[in-house]
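K.L.:
Got a structure here, written out as structure tokens. Questions coming.
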Amino acid sequence: MKYEKEIFGLMGFTFVFPGQGAQSIGMGQALAKAYSKSRKVFEEVDDALDFKLSKLIWEGSIDDLTLTKNAQPALMATSIAAFRAMEEENLMPDSINFFAGHSLGEYSALCAAGALELSVTAKLLRIRGEAMQKAVPIGVGAMAAILGLDLKAVEDIAAQAAQTQICQAANDNDPNQVVISGHFEAVERAIEIAKESGARRAILLPVSAPFHCPLMQPATDIMDEALSRVTIKQPISPIVANYSAKPVIEPSDIKDSLVRQIMGRVKWRESIEFLSNNGVKQVYEVGAGKALSGMIKRVNKDISCQNISSPEDLNKILLKEN
């Protein structure tokens, strides 16, 4: 299905932003030292949270950084710092047809696209991280990655494993990687069934809560209220929403998508298929890690992926242009 709003053109450029799990100590620090716009991003996020998040990112412990309430705004800040560095180097494409982000990365995408102010985005992600962490007591829920089976197979396994509990596909990342989420016992049952069903690997993930499943209902309610109190503007280009794998541009639709994605499946594979079907040839993965590029290549090897997370990454693009 083609996206028919011709005003955005089909130049083939898309920016994508990583989600939780990509965090590392020191991320974004080199950008902040090299670019004034990047440095201002971290300063503004620190001010918005009334907390030296930048110090935690650059000098803290990985355990503290990995806490959901810290990781979410930290990853967003790093992504936007990289995006601003591209602006400072005048490396922005003339036309960007879409933005997209994986889970919390959707907030980064909205910030980069001008739909949310940076300080507002940081505060929302702090609220989101705390709400998602508190929604389920530690040990009650779990998530697991199932490798080597497609979505339909994993959905069948999750349904079989659920019994009287919750277990469902949470992230459809690529044709051979699906993440499940739900009650701990149900997820453990699903892991064993997946192994018996020919999965290449089935492993528990080191997360503190079962994201993107109905156990997140309390967090959904909190974010519904929080989002109703902020101003969302129309982005400069459409956002391909996790919940629907379709473009959204109207503020009311954006809010609805952000609320729904907390319990809904992250349709990353479907989102990349949408981008591919709508002329995207070049993707910039902006922020920490390279996980999204790997997923994208497994969906469509013909899409060119460029990671932007350091001054060296920007220098590579500058050298190509010169």
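Please note that chains go A, B, ... in the order of the structure tokens, that every chain numbers its residues from 1, and that ligands are numbered from 1 in the order shown.
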Could you pull out all residues of stretch 11-212 of chain A with a DSSP call of strand (DSSP E) and give them as a PyMOL selection string?

P.N.:
chain A and resi 13-17+98-101+141-147+167-174+177-183+201-204

K.L.:
Closest to A:Leu75 among A:Ser38, A:Asn90, A:Gln20, A:Asn277, using only C-alpha atoms?

P.N.:
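Distance minimum relative to A:Leu75 lands on A:Gln20.
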
K.L.:
Determine the nearest neighbour of A:Met86 from the options A:Phe13, A:Trp268, A:Tyr35, A:Phe211, counting only C-alpha atoms.

P.N.:
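For A:Met86, the nearest of the candidates is A:Tyr35.
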
K.L.:
Could you list, as a PyMOL selection string, every residue within 10 Å of A:Asn242, counting only C-alpha atoms and ignoring same-chain residues fewer than 3 positions away?

P.N.:
chain A and resi 100-106+171-172+239+245-247+257-258+260-262+264-271

K.L.:
What is the atom CA of A:Ser304-atom CA of A:Ala109 distance in Å, reported with one decimal?

P.N.:
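Interatomic distance, atom CA of A:Ser304 to atom CA of A:Ala109: 19.0 Å.
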
K.L.:
With distances taken over only C-alpha atoms, which residue among A:Ser228, A:Met92, A:Tyr284, A:Met295 lies nearest A:Asn307?

P.N.:
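Closest to A:Asn307 of all the choices is A:Tyr284.
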
K.L.:
Just checking: using only C-alpha atoms, which residue out of A:Lys69, A:Lys195, A:Lys233, A:Lys281 ends up closest to A:Ala145?

P.N.:
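Residue with the minimum atom-to-atom distance to A:Ala145: A:Lys195.
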
K.L.:
Figure out the distance between atom CA of A:Ala135 and atom CA of A:Glu185, please, to one decimal in Å.

P.N.:
17.5 Å

K.L.:
When you look at A:Arg298 with a cut-off of 9 Å (counting only C-alpha atoms), what residues show up, excluding the ones that are within fewer than 3 positions of it in the same chain? I need them as a list of chain:residue names.

P.N.:
A:Asp174, A:Pro175, A:Asn176, A:Ser293, A:Gly294, A:Met295, A:Lys301

K.L.:
List the neighbours of A:Met76 out to 12 Å using only C-alpha atoms; skip same-chain residues closer than 2 positions along the sequence, and give me the result as a CSV table (one decimal) with C-alpha atoms, in the first residue's frame.

P.N.:
```csv
chain,number,residue,atom,x,y,z
A,16,VAL,CA,15.1,6.0,12.6
A,17,PHE,CA,15.8,6.1,16.3
A,18,PRO,CA,16.8,3.2,18.6
A,19,GLY,CA,14.9,1.9,21.7
A,20,GLN,CA,15.8,0.5,25.0
A,22,ALA,CA,21.0,0.3,23.0
A,23,GLN,CA,22.3,2.3,26.0
A,27,MET,CA,27.2,7.5,24.6
A,28,GLY,CA,26.9,10.9,23.1
A,41,VAL,CA,20.7,19.0,23.9
A,42,PHE,CA,22.2,17.4,27.0
A,45,VAL,CA,17.5,17.6,29.1
A,53,LEU,CA,21.3,12.8,33.4
A,54,SER,CA,24.4,13.6,31.3
A,57,ILE,CA,25.3,8.7,30.9
A,69,LYS,CA,13.3,5.8,33.9
A,70,ASN,CA,16.9,6.7,33.1
A,71,ALA,CA,17.5,4.7,29.9
A,72,GLN,CA,14.5,6.2,28.0
A,73,PRO,CA,15.3,9.9,28.3
A,74,ALA,CA,19.1,9.1,28.0
A,78,THR,CA,21.7,10.9,22.6
A,79,SER,CA,19.7,10.4,19.5
A,80,ILE,CA,18.7,14.1,19.3
A,81,ALA,CA,22.3,15.1,20.0
A,82,ALA,CA,23.4,13.1,16.9
A,83,PHE,CA,20.6,14.6,14.9
A,101,GLY,CA,11.6,5.0,16.1
A,102,HIS,CA,11.6,1.7,17.9
A,103,SER,CA,9.3,1.9,21.0
A,104,LEU,CA,10.7,4.9,23.0
A,105,GLY,CA,12.5,5.8,19.8
A,106,GLU,CA,9.2,7.0,18.5
A,107,TYR,CA,9.4,9.9,20.9
A,108,SER,CA,12.9,10.7,19.6
A,109,ALA,CA,11.5,10.6,16.1
A,110,LEU,CA,8.7,13.1,17.1
A,111,CYS,CA,11.2,15.4,18.7
A,112,ALA,CA,13.5,15.4,15.7
A,118,LEU,CA,13.0,18.5,23.5
A,119,SER,CA,12.3,19.4,27.2
A,120,VAL,CA,8.7,18.0,26.9
A,121,THR,CA,10.0,14.8,25.3
A,122,ALA,CA,12.5,14.3,28.1
A,123,LYS,CA,9.8,14.8,30.8
A,124,LEU,CA,7.4,12.5,29.0
A,125,LEU,CA,10.0,9.7,28.7
A,126,ARG,CA,10.8,10.1,32.4
A,286,VAL,CA,20.6,8.2,14.6
A,287,GLY,CA,21.8,7.5,18.2
A,288,ALA,CA,23.3,4.6,20.2
```

K.L.:
Using only C-alpha atoms, find the one residue out of A:Glu87, A:Asp256, A:Asp156, A:Asp47 that sits nearest to A:Ala190.

P.N.:
A:Asp156

K.L.:
Where in stretch 64-184 of chain A does DSSP assign helix (DSSP H, G or I), given as a PDB file with C-alpha atoms, in the first residue's frame?

P.N.:
```pdb
ATOM      1  CA  ASP A  64      21.786   2.836  36.897  1.00  0.00           C
ATOM      2  CA  LEU A  65      21.676   3.870  33.262  1.00  0.00           C
ATOM      3  CA  THR A  66      19.720   0.745  32.343  1.00  0.00           C
ATOM      4  CA  THR A  68      13.945   2.293  32.530  1.00  0.00           C
ATOM      5  CA  LYS A  69      13.331   5.773  33.950  1.00  0.00           C
ATOM      6  CA  ASN A  70      16.924   6.734  33.054  1.00  0.00           C
ATOM      7  CA  ALA A  71      17.477   4.749  29.865  1.00  0.00           C
ATOM      8  CA  GLN A  72      14.495   6.184  28.027  1.00  0.00           C
ATOM      9  CA  PRO A  73      15.328   9.918  28.278  1.00  0.00           C
ATOM     10  CA  ALA A  74      19.063   9.120  27.985  1.00  0.00           C
ATOM     11  CA  LEU A  75      18.664   7.310  24.673  1.00  0.00           C
ATOM     12  CA  MET A  76      16.427  10.064  23.358  1.00  0.00           C
ATOM     13  CA  ALA A  77      18.948  12.749  24.346  1.00  0.00           C
ATOM     14  CA  THR A  78      21.748  10.854  22.607  1.00  0.00           C
ATOM     15  CA  SER A  79      19.680  10.446  19.451  1.00  0.00           C
ATOM     16  CA  ILE A  80      18.727  14.108  19.301  1.00  0.00           C
ATOM     17  CA  ALA A  81      22.345  15.123  20.003  1.00  0.00           C
ATOM     18  CA  ALA A  82      23.404  13.107  16.938  1.00  0.00           C
ATOM     19  CA  PHE A  83      20.582  14.580  14.880  1.00  0.00           C
ATOM     20  CA  ARG A  84      21.605  18.135  15.871  1.00  0.00           C
ATOM     21  CA  ALA A  85      25.218  17.346  14.970  1.00  0.00           C
ATOM     22  CA  MET A  86      24.040  16.441  11.474  1.00  0.00           C
ATOM     23  CA  GLU A  87      22.275  19.793  11.320  1.00  0.00           C
ATOM     24  CA  GLU A  88      25.408  21.601  12.490  1.00  0.00           C
ATOM     25  CA  GLY A 105      12.527   5.824  19.775  1.00  0.00           C
ATOM     26  CA  GLU A 106       9.172   6.987  18.461  1.00  0.00           C
ATOM     27  CA  TYR A 107       9.440   9.889  20.928  1.00  0.00           C
ATOM     28  CA  SER A 108      12.922  10.676  19.590  1.00  0.00           C
ATOM     29  CA  ALA A 109      11.486  10.642  16.076  1.00  0.00           C
ATOM     30  CA  LEU A 110       8.733  13.051  17.081  1.00  0.00           C
ATOM     31  CA  CYS A 111      11.240  15.384  18.715  1.00  0.00           C
ATOM     32  CA  ALA A 112      13.540  15.355  15.676  1.00  0.00           C
ATOM     33  CA  LEU A 118      12.996  18.548  23.545  1.00  0.00           C
ATOM     34  CA  SER A 119      12.254  19.414  27.177  1.00  0.00           C
ATOM     35  CA  VAL A 120       8.723  18.037  26.857  1.00  0.00           C
ATOM     36  CA  THR A 121      10.020  14.831  25.286  1.00  0.00           C
ATOM     37  CA  ALA A 122      12.488  14.318  28.147  1.00  0.00           C
ATOM     38  CA  LYS A 123       9.779  14.796  30.770  1.00  0.00           C
ATOM     39  CA  LEU A 124       7.369  12.476  28.960  1.00  0.00           C
ATOM     40  CA  LEU A 125       9.970   9.737  28.728  1.00  0.00           C
ATOM     41  CA  ARG A 126      10.815  10.077  32.413  1.00  0.00           C
ATOM     42  CA  ILE A 127       7.111   9.648  33.207  1.00  0.00           C
ATOM     43  CA  ARG A 128       6.821   6.792  30.720  1.00  0.00           C
ATOM     44  CA  GLY A 129       9.861   4.995  32.094  1.00  0.00           C
ATOM     45  CA  GLU A 130       8.688   5.257  35.687  1.00  0.00           C
ATOM     46  CA  ALA A 131       5.134   4.225  34.777  1.00  0.00           C
ATOM     47  CA  MET A 132       6.266   1.192  32.787  1.00  0.00           C
ATOM     48  CA  GLN A 133       8.619   0.126  35.586  1.00  0.00           C
ATOM     49  CA  LYS A 134       5.937   0.435  38.275  1.00  0.00           C
ATOM     50  CA  LEU A 151       5.530 -13.895  13.726  1.00  0.00           C
ATOM     51  CA  LYS A 152       2.744 -16.416  13.046  1.00  0.00           C
ATOM     52  CA  ALA A 153       4.717 -19.264  14.590  1.00  0.00           C
ATOM     53  CA  VAL A 154       5.584 -17.186  17.670  1.00  0.00           C
ATOM     54  CA  GLU A 155       1.991 -16.004  18.072  1.00  0.00           C
ATOM     55  CA  ASP A 156       0.841 -19.631  18.100  1.00  0.00           C
ATOM     56  CA  ILE A 157       3.509 -20.532  20.660  1.00  0.00           C
ATOM     57  CA  ALA A 158       2.580 -17.577  22.888  1.00  0.00           C
ATOM     58  CA  ALA A 159      -1.113 -18.509  22.765  1.00  0.00           C
ATOM     59  CA  GLN A 160      -0.279 -22.099  23.715  1.00  0.00           C
ATOM     60  CA  ALA A 161       1.980 -20.981  26.559  1.00  0.00           C
ATOM     61  CA  ALA A 162      -0.389 -18.384  28.012  1.00  0.00           C
ATOM     62  CA  PHE A 184       7.113 -14.783  33.846  1.00  0.00           C
TER      63      PHE A 184
END
```

K.L.:
Could you give me, as a PDB file with all heavy atoms, in the first residue's frame, the residues within 9 Å of A:Ile146, counting only C-alpha atoms and dropping anything in the same chain fewer than 2 positions from it?

P.N.:
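Result saved to result_35.pdb:
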```pdb
ATOM      1  N   ALA A 144      11.164 -12.282  26.283  1.00  0.00           N
ATOM      2  CA  ALA A 144      12.129 -13.216  25.700  1.00  0.00           C
ATOM      3  C   ALA A 144      12.201 -12.996  24.200  1.00  0.00           C
ATOM      4  O   ALA A 144      11.210 -12.654  23.555  1.00  0.00           O
ATOM      5  CB  ALA A 144      11.738 -14.656  25.998  1.00  0.00           C
ATOM      6  N   GLY A 148      14.637 -17.220  14.786  1.00  0.00           N
ATOM      7  CA  GLY A 148      14.517 -18.313  13.838  1.00  0.00           C
ATOM      8  C   GLY A 148      13.098 -18.740  13.527  1.00  0.00           C
ATOM      9  O   GLY A 148      12.888 -19.673  12.754  1.00  0.00           O
ATOM     10  N   LEU A 149      12.114 -18.071  14.108  1.00  0.00           N
ATOM     11  CA  LEU A 149      10.707 -18.344  13.814  1.00  0.00           C
ATOM     12  C   LEU A 149      10.016 -17.048  13.424  1.00  0.00           C
ATOM     13  O   LEU A 149      10.362 -15.980  13.937  1.00  0.00           O
ATOM     14  CB  LEU A 149      10.000 -18.965  15.021  1.00  0.00           C
ATOM     15  CG  LEU A 149      10.524 -20.316  15.522  1.00  0.00           C
ATOM     16  CD1 LEU A 149       9.780 -20.732  16.782  1.00  0.00           C
ATOM     17  CD2 LEU A 149      10.382 -21.390  14.444  1.00  0.00           C
ATOM     18  N   ASP A 150       9.018 -17.121  12.556  1.00  0.00           N
ATOM     19  CA  ASP A 150       8.329 -15.912  12.125  1.00  0.00           C
ATOM     20  C   ASP A 150       7.202 -15.546  13.082  1.00  0.00           C
ATOM     21  O   ASP A 150       6.917 -16.273  14.057  1.00  0.00           O
ATOM     22  CB  ASP A 150       7.805 -16.045  10.687  1.00  0.00           C
ATOM     23  CG  ASP A 150       6.747 -17.143  10.526  1.00  0.00           C
ATOM     24  OD1 ASP A 150       6.206 -17.635  11.541  1.00  0.00           O
ATOM     25  OD2 ASP A 150       6.453 -17.504   9.364  1.00  0.00           O
ATOM     26  N   VAL A 154       5.400 -17.655  16.293  1.00  0.00           N
ATOM     27  CA  VAL A 154       5.584 -17.186  17.670  1.00  0.00           C
ATOM     28  C   VAL A 154       4.237 -16.846  18.303  1.00  0.00           C
ATOM     29  O   VAL A 154       4.016 -17.113  19.495  1.00  0.00           O
ATOM     30  CB  VAL A 154       6.540 -15.977  17.713  1.00  0.00           C
ATOM     31  CG1 VAL A 154       6.607 -15.393  19.125  1.00  0.00           C
ATOM     32  CG2 VAL A 154       7.931 -16.391  17.257  1.00  0.00           C
ATOM     33  N   ASN A 176      12.970 -13.040  11.317  1.00  0.00           N
ATOM     34  CA  ASN A 176      13.430 -14.146  12.156  1.00  0.00           C
ATOM     35  C   ASN A 176      13.679 -13.746  13.602  1.00  0.00           C
ATOM     36  O   ASN A 176      14.394 -14.442  14.321  1.00  0.00           O
ATOM     37  CB  ASN A 176      14.707 -14.757  11.567  1.00  0.00           C
ATOM     38  CG  ASN A 176      14.445 -15.488  10.266  1.00  0.00           C
ATOM     39  OD1 ASN A 176      13.775 -16.519  10.260  1.00  0.00           O
ATOM     40  ND2 ASN A 176      14.944 -14.942   9.176  1.00  0.00           N
ATOM     41  N   GLN A 177      13.110 -12.624  14.037  1.00  0.00           N
ATOM     42  CA  GLN A 177      13.291 -12.192  15.428  1.00  0.00           C
ATOM     43  C   GLN A 177      11.997 -11.580  15.954  1.00  0.00           C
ATOM     44  O   GLN A 177      11.566 -10.522  15.495  1.00  0.00           O
ATOM     45  CB  GLN A 177      14.420 -11.163  15.541  1.00  0.00           C
ATOM     46  CG  GLN A 177      14.697 -10.745  16.981  1.00  0.00           C
ATOM     47  CD  GLN A 177      15.655  -9.579  17.082  1.00  0.00           C
ATOM     48  OE1 GLN A 177      15.363  -8.580  17.735  1.00  0.00           O
ATOM     49  NE2 GLN A 177      16.811  -9.689  16.436  1.00  0.00           N
ATOM     50  N   VAL A 178      11.389 -12.274  16.887  1.00  0.00           N
ATOM     51  CA  VAL A 178      10.166 -11.807  17.527  1.00  0.00           C
ATOM     52  C   VAL A 178      10.375 -11.862  19.034  1.00  0.00           C
ATOM     53  O   VAL A 178      10.897 -12.852  19.561  1.00  0.00           O
ATOM     54  CB  VAL A 178       8.943 -12.663  17.133  1.00  0.00           C
ATOM     55  CG1 VAL A 178       7.674 -12.135  17.805  1.00  0.00           C
ATOM     56  CG2 VAL A 178       8.767 -12.691  15.615  1.00  0.00           C
ATOM     57  N   VAL A 179       9.994 -10.802  19.724  1.00  0.00           N
ATOM     58  CA  VAL A 179      10.105 -10.747  21.182  1.00  0.00           C
ATOM     59  C   VAL A 179       8.725 -10.964  21.784  1.00  0.00           C
ATOM     60  O   VAL A 179       7.734 -10.391  21.311  1.00  0.00           O
ATOM     61  CB  VAL A 179      10.687  -9.401  21.638  1.00  0.00           C
ATOM     62  CG1 VAL A 179      10.652  -9.278  23.165  1.00  0.00           C
ATOM     63  CG2 VAL A 179      12.117  -9.237  21.131  1.00  0.00           C
ATOM     64  N   ILE A 180       8.650 -11.802  22.809  1.00  0.00           N
ATOM     65  CA  ILE A 180       7.390 -12.042  23.505  1.00  0.00           C
ATOM     66  C   ILE A 180       7.420 -11.381  24.878  1.00  0.00           C
ATOM     67  O   ILE A 180       8.482 -11.099  25.424  1.00  0.00           O
ATOM     68  CB  ILE A 180       7.093 -13.542  23.654  1.00  0.00           C
ATOM     69  CG1 ILE A 180       8.223 -14.262  24.407  1.00  0.00           C
ATOM     70  CG2 ILE A 180       6.857 -14.181  22.282  1.00  0.00           C
ATOM     71  CD1 ILE A 180       7.896 -15.710  24.759  1.00  0.00           C
ATOM     72  N   ILE A 191       9.279 -20.223  25.940  1.00  0.00           N
ATOM     73  CA  ILE A 191      10.680 -20.493  25.566  1.00  0.00           C
ATOM     74  C   ILE A 191      10.880 -21.981  25.297  1.00  0.00           C
ATOM     75  O   ILE A 191      11.497 -22.373  24.292  1.00  0.00           O
ATOM     76  CB  ILE A 191      11.637 -19.997  26.671  1.00  0.00           C
ATOM     77  CG1 ILE A 191      11.688 -18.470  26.679  1.00  0.00           C
ATOM     78  CG2 ILE A 191      13.032 -20.589  26.486  1.00  0.00           C
ATOM     79  CD1 ILE A 191      12.486 -17.883  27.833  1.00  0.00           C
ATOM     80  N   ALA A 194       9.086 -22.977  22.127  1.00  0.00           N
ATOM     81  CA  ALA A 194       9.796 -22.446  20.956  1.00  0.00           C
ATOM     82  C   ALA A 194      11.000 -23.315  20.614  1.00  0.00           C
ATOM     83  O   ALA A 194      11.250 -23.622  19.436  1.00  0.00           O
ATOM     84  CB  ALA A 194      10.231 -21.007  21.224  1.00  0.00           C
ATOM     85  N   LYS A 195      11.746 -23.732  21.622  1.00  0.00           N
ATOM     86  CA  LYS A 195      12.902 -24.603  21.381  1.00  0.00           C
ATOM     87  C   LYS A 195      12.467 -25.929  20.754  1.00  0.00           C
ATOM     88  O   LYS A 195      13.105 -26.436  19.820  1.00  0.00           O
ATOM     89  CB  LYS A 195      13.652 -24.854  22.693  1.00  0.00           C
ATOM     90  CG  LYS A 195      14.381 -23.631  23.232  1.00  0.00           C
ATOM     91  CD  LYS A 195      15.026 -23.933  24.578  1.00  0.00           C
ATOM     92  CE  LYS A 195      15.777 -22.719  25.128  1.00  0.00           C
ATOM     93  NZ  LYS A 195      16.354 -22.986  26.472  1.00  0.00           N
ATOM     94  N   ALA A 199      13.044 -23.233  17.096  1.00  0.00           N
ATOM     95  CA  ALA A 199      13.659 -21.905  17.208  1.00  0.00           C
ATOM     96  C   ALA A 199      15.182 -22.043  17.294  1.00  0.00           C
ATOM     97  O   ALA A 199      15.695 -22.961  17.950  1.00  0.00           O
ATOM     98  CB  ALA A 199      13.148 -21.176  18.445  1.00  0.00           C
ATOM     99  N   ARG A 200      15.881 -21.153  16.628  1.00  0.00           N
ATOM    100  CA  ARG A 200      17.348 -21.169  16.686  1.00  0.00           C
ATOM    101  C   ARG A 200      17.831 -20.818  18.082  1.00  0.00           C
ATOM    102  O   ARG A 200      18.764 -21.419  18.597  1.00  0.00           O
ATOM    103  CB  ARG A 200      17.922 -20.192  15.654  1.00  0.00           C
ATOM    104  CG  ARG A 200      19.424 -20.318  15.465  1.00  0.00           C
ATOM    105  CD  ARG A 200      19.907 -19.548  14.246  1.00  0.00           C
ATOM    106  NE  ARG A 200      19.886 -18.103  14.466  1.00  0.00           N
ATOM    107  CZ  ARG A 200      19.030 -17.263  13.884  1.00  0.00           C
ATOM    108  NH1 ARG A 200      18.118 -17.720  13.045  1.00  0.00           N
ATOM    109  NH2 ARG A 200      19.082 -15.966  14.125  1.00  0.00           N
ATOM    110  N   ARG A 201      17.177 -19.843  18.686  1.00  0.00           N
ATOM    111  CA  ARG A 201      17.451 -19.464  20.074  1.00  0.00           C
ATOM    112  C   ARG A 201      16.155 -18.953  20.693  1.00  0.00           C
ATOM    113  O   ARG A 201      15.301 -18.386  20.005  1.00  0.00           O
ATOM    114  CB  ARG A 201      18.514 -18.363  20.168  1.00  0.00           C
ATOM    115  CG  ARG A 201      19.914 -18.793  19.797  1.00  0.00           C
ATOM    116  CD  ARG A 201      20.926 -17.684  20.103  1.00  0.00           C
ATOM    117  NE  ARG A 201      21.152 -17.543  21.535  1.00  0.00           N
ATOM    118  CZ  ARG A 201      21.824 -16.521  22.089  1.00  0.00           C
ATOM    119  NH1 ARG A 201      22.298 -15.547  21.319  1.00  0.00           N
ATOM    120  NH2 ARG A 201      22.023 -16.458  23.385  1.00  0.00           N
ATOM    121  N   ALA A 202      16.036 -19.119  21.994  1.00  0.00           N
ATOM    122  CA  ALA A 202      14.903 -18.571  22.746  1.00  0.00           C
ATOM    123  C   ALA A 202      15.430 -18.220  24.123  1.00  0.00           C
ATOM    124  O   ALA A 202      15.735 -19.113  24.920  1.00  0.00           O
ATOM    125  CB  ALA A 202      13.763 -19.580  22.831  1.00  0.00           C
ATOM    126  N   ILE A 203      15.581 -16.928  24.390  1.00  0.00           N
ATOM    127  CA  ILE A 203      16.283 -16.505  25.603  1.00  0.00           C
ATOM    128  C   ILE A 203      15.539 -15.386  26.326  1.00  0.00           C
ATOM    129  O   ILE A 203      14.954 -14.494  25.694  1.00  0.00           O
ATOM    130  CB  ILE A 203      17.711 -16.028  25.276  1.00  0.00           C
ATOM    131  CG1 ILE A 203      17.691 -14.965  24.163  1.00  0.00           C
ATOM    132  CG2 ILE A 203      18.592 -17.194  24.882  1.00  0.00           C
ATOM    133  CD1 ILE A 203      19.021 -14.304  23.902  1.00  0.00           C
TER     134      ILE A 203
END
```

K.L.:
Interatomic distance between atom CA of A:Val299 and atom CA of A:Val240?

P.N.:
15.9 Å

K.L.:
Can you tell me which residues surround stretch 230-232 of chain A at a distance of at most 6 Å, considering only C-alpha atoms, apart from same-chain residues fewer than 6 positions away, and format the answer as a list of chain:residue names?

P.N.:
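Everything that qualifies: A:Ala115, A:Leu116, A:Pro251.
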
K.L.:
Quick one: write out the picked residues with N, CA, C and O atoms as a PDB file, in the first residue's frame?

P.N.:
```
ATOM      1  N   ALA A 115       7.614  17.694  16.276  1.00  0.00           N
ATOM      2  CA  ALA A 115       6.274  17.527  16.835  1.00  0.00           C
ATOM      3  C   ALA A 115       6.255  17.717  18.348  1.00  0.00           C
ATOM      4  O   ALA A 115       5.241  18.126  18.922  1.00  0.00           O
ATOM      5  N   LEU A 116       7.364  17.413  19.005  1.00  0.00           N
ATOM      6  CA  LEU A 116       7.498  17.587  20.454  1.00  0.00           C
ATOM      7  C   LEU A 116       8.745  18.390  20.756  1.00  0.00           C
ATOM      8  O   LEU A 116       9.798  18.152  20.160  1.00  0.00           O
ATOM      9  N   PRO A 251      -1.734  15.694  15.002  1.00  0.00           N
ATOM     10  CA  PRO A 251      -1.429  15.573  16.432  1.00  0.00           C
ATOM     11  C   PRO A 251      -2.333  14.605  17.193  1.00  0.00           C
ATOM     12  O   PRO A 251      -1.851  13.854  18.055  1.00  0.00           O
TER      13      PRO A 251
END
```

K.L.:
For A:Glu285, which residue out of A:Glu44, A:Glu273, A:Asp313, A:Glu225 is the nearest one, using only C-alpha atoms?

P.N.:
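For A:Glu285, the nearest of the candidates is A:Asp313.
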